[in-house]
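> Just so it is clear, I am handing over input_10.cif, which has mmCIF, C-alpha atoms.
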data_model
#
loop_
_atom_site.label_atom_id
_atom_site.label_comp_id
_atom_site.auth_asym_id
_atom_site.auth_seq_id
_atom_site.Cartn_x
_atom_site.Cartn_y
_atom_site.Cartn_z
CA MET P 274 2.41 3.17 -33.96
CA ASN P 275 5.41 5.45 -33.97
CA ARG P 276 6.17 5.63 -30.25
CA LEU P 277 5.74 3.51 -27.18
CA ILE P 278 6.26 5.35 -23.91
CA LEU P 279 6.75 3.17 -20.85
CA VAL P 280 6.26 5.07 -17.61
CA LYS P 281 7.57 3.96 -14.24
CA HIS P 282 4.92 4.95 -11.69
CA SER P 283 5.39 7.93 -9.42
CA SER P 284 6.67 7.78 -5.83
CA PRO P 285 4.53 5.71 -3.46
CA GLN P 286 3.75 6.01 0.21
CA ILE P 287 5.88 3.14 1.54
CA GLU P 288 4.02 0.92 3.99
CA LYS P 289 6.40 -1.79 5.19
CA ASN P 290 3.54 -3.91 6.57
CA LYS P 291 1.85 -4.10 3.13
CA PRO P 292 3.06 -5.66 -0.10
CA ALA P 293 4.45 -3.06 -2.52
CA ARG P 294 1.66 -3.86 -5.00
CA GLU P 295 -0.81 -2.34 -2.51
CA TRP P 296 1.06 0.95 -1.97
CA LYS P 297 -0.64 4.16 -3.10
CA LEU P 298 1.02 7.34 -4.27
CA SER P 299 2.51 9.70 -1.71
CA PRO P 300 1.41 13.36 -1.81
CA GLU P 301 4.73 14.21 -3.53
CA GLY P 302 4.13 11.32 -5.93
CA LYS P 303 0.84 12.88 -7.01
CA VAL P 304 2.57 16.21 -7.69
CA ARG P 305 5.31 14.50 -9.70
CA ALA P 306 2.73 12.57 -11.73
CA GLY P 307 1.13 15.90 -12.68
CA ARG P 308 4.51 17.25 -13.78
CA LEU P 309 5.10 14.05 -15.74
CA ALA P 310 1.84 14.60 -17.64
CA LYS P 311 3.17 18.00 -18.79
CA GLU P 312 6.36 16.30 -20.03
CA LEU P 313 4.39 13.65 -21.91
CA ALA P 314 2.06 16.19 -23.55
CA LYS P 315 4.75 17.05 -26.12
CA TYR P 316 4.42 13.50 -27.52
CA HIS P 317 0.65 13.91 -28.08
CA PRO P 318 -0.38 10.52 -26.68
CA ARG P 319 -3.83 9.26 -27.60
CA LYS P 320 -4.14 6.32 -25.21
CA VAL P 321 -2.97 5.54 -21.69
CA TYR P 322 -2.85 2.04 -20.21
CA SER P 323 -1.88 0.97 -16.72
CA SER P 324 -0.88 -1.95 -14.61
CA ALA P 325 -3.55 -3.00 -12.12
CA GLU P 326 -1.30 -2.05 -9.18
CA LEU P 327 -2.65 0.93 -7.24
CA LYS P 328 0.38 3.24 -7.57
CA ALA P 329 0.42 2.68 -11.34
CA ARG P 330 -3.34 3.24 -11.67
CA GLU P 331 -3.08 6.47 -9.69
CA THR P 332 -0.17 7.65 -11.84
CA ALA P 333 -2.06 6.78 -15.04
CA GLY P 334 -5.19 8.49 -13.75
CA ILE P 335 -3.35 11.75 -13.08
CA ILE P 336 -1.58 11.63 -16.45
CA ALA P 337 -4.78 10.86 -18.33
CA ASP P 338 -6.74 13.56 -16.49
CA LYS P 339 -4.12 16.25 -17.18
CA LEU P 340 -4.02 15.24 -20.86
CA GLY P 341 -7.80 15.09 -21.25
CA LEU P 342 -7.75 11.34 -21.85
CA SER P 343 -9.08 8.28 -20.10
CA TYR P 344 -6.97 5.29 -19.15
CA GLN P 345 -7.54 1.56 -19.10
CA VAL P 346 -6.08 -1.14 -16.88
CA ALA P 347 -4.47 -3.90 -18.95
CA ASP P 348 -3.60 -7.40 -17.83
CA ASN P 349 -0.04 -8.57 -17.12
CA LEU P 350 1.64 -5.17 -16.80
CA GLN P 351 2.31 -5.64 -13.07
CA GLU P 352 5.77 -5.65 -11.53
CA HIS P 353 7.98 -8.72 -11.23
CA ASP P 354 5.90 -10.88 -8.88
CA ARG P 355 7.34 -10.62 -5.38
CA ARG P 356 4.12 -10.36 -3.40
CA PHE P 357 5.38 -12.65 -0.64
CA ALA P 358 8.91 -11.28 -0.49
CA PRO P 359 9.59 -9.42 2.76
CA TYR P 360 10.50 -5.74 2.85
CA VAL P 361 14.31 -5.42 2.70
CA SER P 362 16.78 -2.54 2.90
CA GLU P 363 17.59 -0.53 -0.23
CA VAL P 364 21.09 -2.06 -0.38
CA GLU P 365 19.74 -5.62 -0.16
CA PHE P 366 17.01 -4.85 -2.70
CA GLN P 367 19.59 -3.55 -5.19
CA SER P 368 21.68 -6.70 -4.69
CA LEU P 369 18.64 -8.91 -5.34
CA ALA P 370 17.71 -6.87 -8.41
CA ARG P 371 21.24 -7.19 -9.80
CA ARG P 372 21.05 -10.97 -9.35
CA LEU P 373 17.65 -11.02 -11.09
CA PHE P 374 19.04 -9.22 -14.16
CA GLU P 375 22.22 -11.33 -14.19
CA ASN P 376 20.30 -14.62 -13.80
CA PRO P 377 16.93 -14.07 -15.51
CA ASP P 378 16.11 -17.78 -15.71
CA GLN P 379 16.63 -18.36 -11.98
CA GLN P 380 14.09 -17.57 -9.30
CA VAL P 381 16.27 -15.14 -7.36
CA PHE P 382 13.53 -13.65 -5.21
CA GLY P 383 9.80 -13.37 -5.48
CA GLU P 384 7.41 -15.73 -7.20
CA GLU P 385 8.64 -15.54 -10.79
CA THR P 386 11.93 -15.39 -12.65
CA GLY P 387 12.99 -12.36 -14.63
CA SER P 388 12.36 -14.34 -17.83
CA GLN P 389 8.82 -15.21 -16.74
CA ALA P 390 8.09 -11.58 -15.88
CA LEU P 391 9.49 -10.47 -19.25
CA ARG P 392 7.38 -12.98 -21.22
CA ARG P 393 4.24 -11.88 -19.38
CA PHE P 394 5.00 -8.19 -19.91
CA CYS P 395 5.99 -8.62 -23.59
CA GLY P 396 2.74 -10.48 -24.26
CA SER P 397 0.75 -7.63 -22.79
CA ILE P 398 2.67 -4.97 -24.74
CA GLU P 399 2.20 -6.98 -27.94
CA ASN P 400 -1.55 -7.20 -27.29
CA LEU P 401 -1.76 -3.45 -26.72
CA THR P 402 0.31 -2.48 -29.75
CA GLN P 403 -0.74 -5.17 -32.22
CA HIS P 404 -3.57 -3.19 -33.80
CA GLU P 405 -2.62 0.24 -32.52
CA THR P 406 -2.86 3.00 -35.09
CA THR P 407 -2.27 6.00 -32.86
CA ASP P 408 1.08 7.76 -33.00
CA THR P 409 1.90 7.41 -29.31
CA LEU P 410 0.83 4.95 -26.66
CA VAL P 411 1.61 5.46 -22.95
CA VAL P 412 1.84 2.45 -20.62
CA VAL P 413 2.28 3.01 -16.88
CA SER P 414 4.01 0.11 -15.20
CA HIS P 415 7.00 -0.70 -12.96
CA GLY P 416 10.77 -0.39 -13.02
CA THR P 417 11.88 -4.01 -13.13
CA VAL P 418 9.58 -5.17 -15.93
CA ILE P 419 10.19 -1.98 -17.92
CA SER P 420 13.97 -2.47 -17.63
CA LEU P 421 13.72 -6.16 -18.55
CA TYR P 422 11.69 -5.15 -21.62
CA ALA P 423 14.15 -2.41 -22.61
CA GLU P 424 17.05 -4.85 -22.33
CA TRP P 425 15.22 -7.41 -24.46
CA LEU P 426 14.12 -4.89 -27.12
CA THR P 427 17.25 -2.76 -27.43
CA GLY P 428 20.12 -4.73 -25.90
CA CYS P 429 20.81 -2.07 -23.26
CA ASP P 430 21.99 -3.08 -19.79
CA GLY P 431 18.74 -3.64 -17.91
CA TYR P 432 20.18 -3.37 -14.42
CA THR P 433 21.95 -0.08 -15.17
CA LEU P 434 18.74 1.31 -16.66
CA TRP P 435 16.74 0.06 -13.66
CA LYS P 436 19.04 1.97 -11.30
CA GLU P 437 18.65 5.16 -13.38
CA LEU P 438 14.85 5.19 -13.45
CA GLY P 439 13.34 7.61 -10.96
CA LEU P 440 9.87 7.87 -9.49
CA PRO P 441 8.35 8.73 -11.92
CA SER P 442 10.31 8.32 -15.12
CA TYR P 443 9.62 7.39 -18.69
CA ILE P 444 11.29 5.81 -21.70
CA VAL P 445 10.34 6.69 -25.27
CA PHE P 446 10.83 3.73 -27.59
CA ASP P 447 10.72 3.49 -31.35
CA PRO P 448 9.38 -0.08 -31.57
CA GLN P 449 10.12 -0.47 -35.29
CA ARG P 450 13.78 0.53 -34.95
CA LYS P 451 14.05 -1.15 -31.52
CA THR P 452 15.68 1.91 -30.00
CA ILE P 453 15.33 4.15 -26.98
CA ASP P 454 14.80 7.70 -28.20
CA HIS P 455 14.63 9.42 -24.81
CA ILE P 456 14.67 8.74 -21.07
CA GLY P 457 13.08 11.29 -18.76
CA ASN P 458 13.26 11.41 -14.96
CA LEU P 459 11.23 13.59 -12.64
CA GLU P 460 12.98 12.50 -9.45
CA GLU P 461 15.77 14.75 -8.22
CA GLY P 462 19.18 13.14 -8.35
CA LYS P 463 18.28 10.78 -11.21
CA SER P 464 19.73 11.35 -14.66
#
Would you mind writing the file's structure down as structure tokens?

Amino acid sequence: MNRLILVKHSSPQIEKNKPAREWKLSPEGKVRAGRLAKELAKYHPRKVYSSAELKARETAGIIADKLGLSYQVADNLQEHDRRFAPYVSEVEFQSLARRLFENPDQQVFGEETGSQALRRFCGSIENLTQHETTDTLVVVSHGTVISLYAEWLTGCDGYTLWKELGLPSYIVFDPQRKTIDHIGNLEEGKS
């Protein structure tokens, strides 16, 4: 496999009374996912995988449909487990995320540590890529676990990357060289 593209799902319809893992895409999120598919077409992906979370599945479905592919849900690609964490303001959420990246072995918020989420996610990526012979594999997942993975693989600053990722966005990795070749954002105001 020459490229691994990790996609952060498109923008969801926020429902404060539901856990984030149950949010679906907003109408704008569906449009952005379609535009993302056009961006990804230049990489000629052959397979698309997704987290089981609804917003990721919907993003993967739109991408796969626009590219004439199917997609599969894979285990352990879900976001850092915070299913029982209450909805908090954006400022508070960013503070908690910073603490998670700075203290990956501590349970800062949610039901798992950053290190536990990373191990789970890495195991899933390894399973998907272990026998992969296609040139490009697309995996639709979530910002925190993608940023934890990028930090682990490349040594980049995970928190800084996490803040830069829009809804949707993608990172093109060269797994053999352990580098990030490109970061693309489809959310206005994100680099």
> Written as number ranges by chain, what is the full residue list that the PyMOL selection byres ((chain P and resi 448-456) around 12) yields on the file shown?
P: 274-281, 312-313, 316, 398-399, 402-403, 408-410, 420, 422-429, 434-435, 437-439, 441-447, 457-459, 463-464
> Any idea what's packed within 12 Å of Lys328 (chain P), counting all atoms listed in the file, ignoring anything in its chain fewer than 4 positions away? Could you give it as JSON, numbers by chain?
{"P": [280, 281, 282, 283, 284, 285, 286, 287, 292, 293, 294, 295, 296, 297, 298, 299, 300, 302, 303, 306, 323, 324, 332, 333, 334, 335, 351, 352, 413, 414, 415, 440, 441]}
> If you measure from CA of Asp338 (chain P) to CA of Lys315 (chain P), what distance in Å do you get, rounded to one decimal?
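Distance reported for this atom pair: 15.4 Å.
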> Going by the chain IDs and residue numbers used in this file, which residues fall under the PyMOL selection byres ((chain P and resi 340) around 8)? Write them as a ChimeraX atom specification.
/P:310-311,314,336-339,341-342
> Determine the residue membership of the PyMOL selection byres ((chain P and resi 392) around 12) for the file above and supply it as a PyMOL selection string.
chain P and resi 349-350+353+377-378+385-391+393-399+418-419+421-422+425
> From the options P:Leu373, P:Val346, P:Leu309, P:Val304, which residue's atoms come nearest to Val412 (chain P), counting all atoms listed in the file?
P:Val346
> So which residues fall inside 7 Å of (25.7, -4.1, -14.0) if we count only C-alpha atoms? Mind giving them as an MDAnalysis selection string?
chainID P and resid 371 430 432:433
> Work out how far apart CA of Tyr360 (chain P) and CA of Asn290 (chain P) are and give it in Å to one decimal.
8.1 Å
> Could you jot down the CA of Leu369 (chain P) to CA of Gly383 (chain P) separation for me, Å, one decimal place?
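CA of Gly383 (chain P) lies at a distance of 9.9 Å from CA of Leu369 (chain P).
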> Which is closest to Pro359 (chain P) among P:Arg308, P:Lys289, P:His404, P:Arg330, if we use all atoms listed in the file?
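Under the stated criterion, the closest residue is P:Lys289.
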> Rank P:Gly416, P:Val361, P:Arg305, P:Tyr322 by their smallest atom-to-atom distance to Glu461 (chain P), using only C-alpha atoms, and report the top residue only.
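Using only C-alpha atoms, the shortest distance to Glu461 (chain P) belongs to P:Arg305.
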> Which is closest to Lys436 (chain P) among P:Asn400, P:Glu301, P:Thr407, P:Ala370, if we use only C-alpha atoms?
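Among P:Asn400, P:Glu301, P:Thr407, P:Ala370, it is P:Ala370 that comes nearest to Lys436 (chain P).
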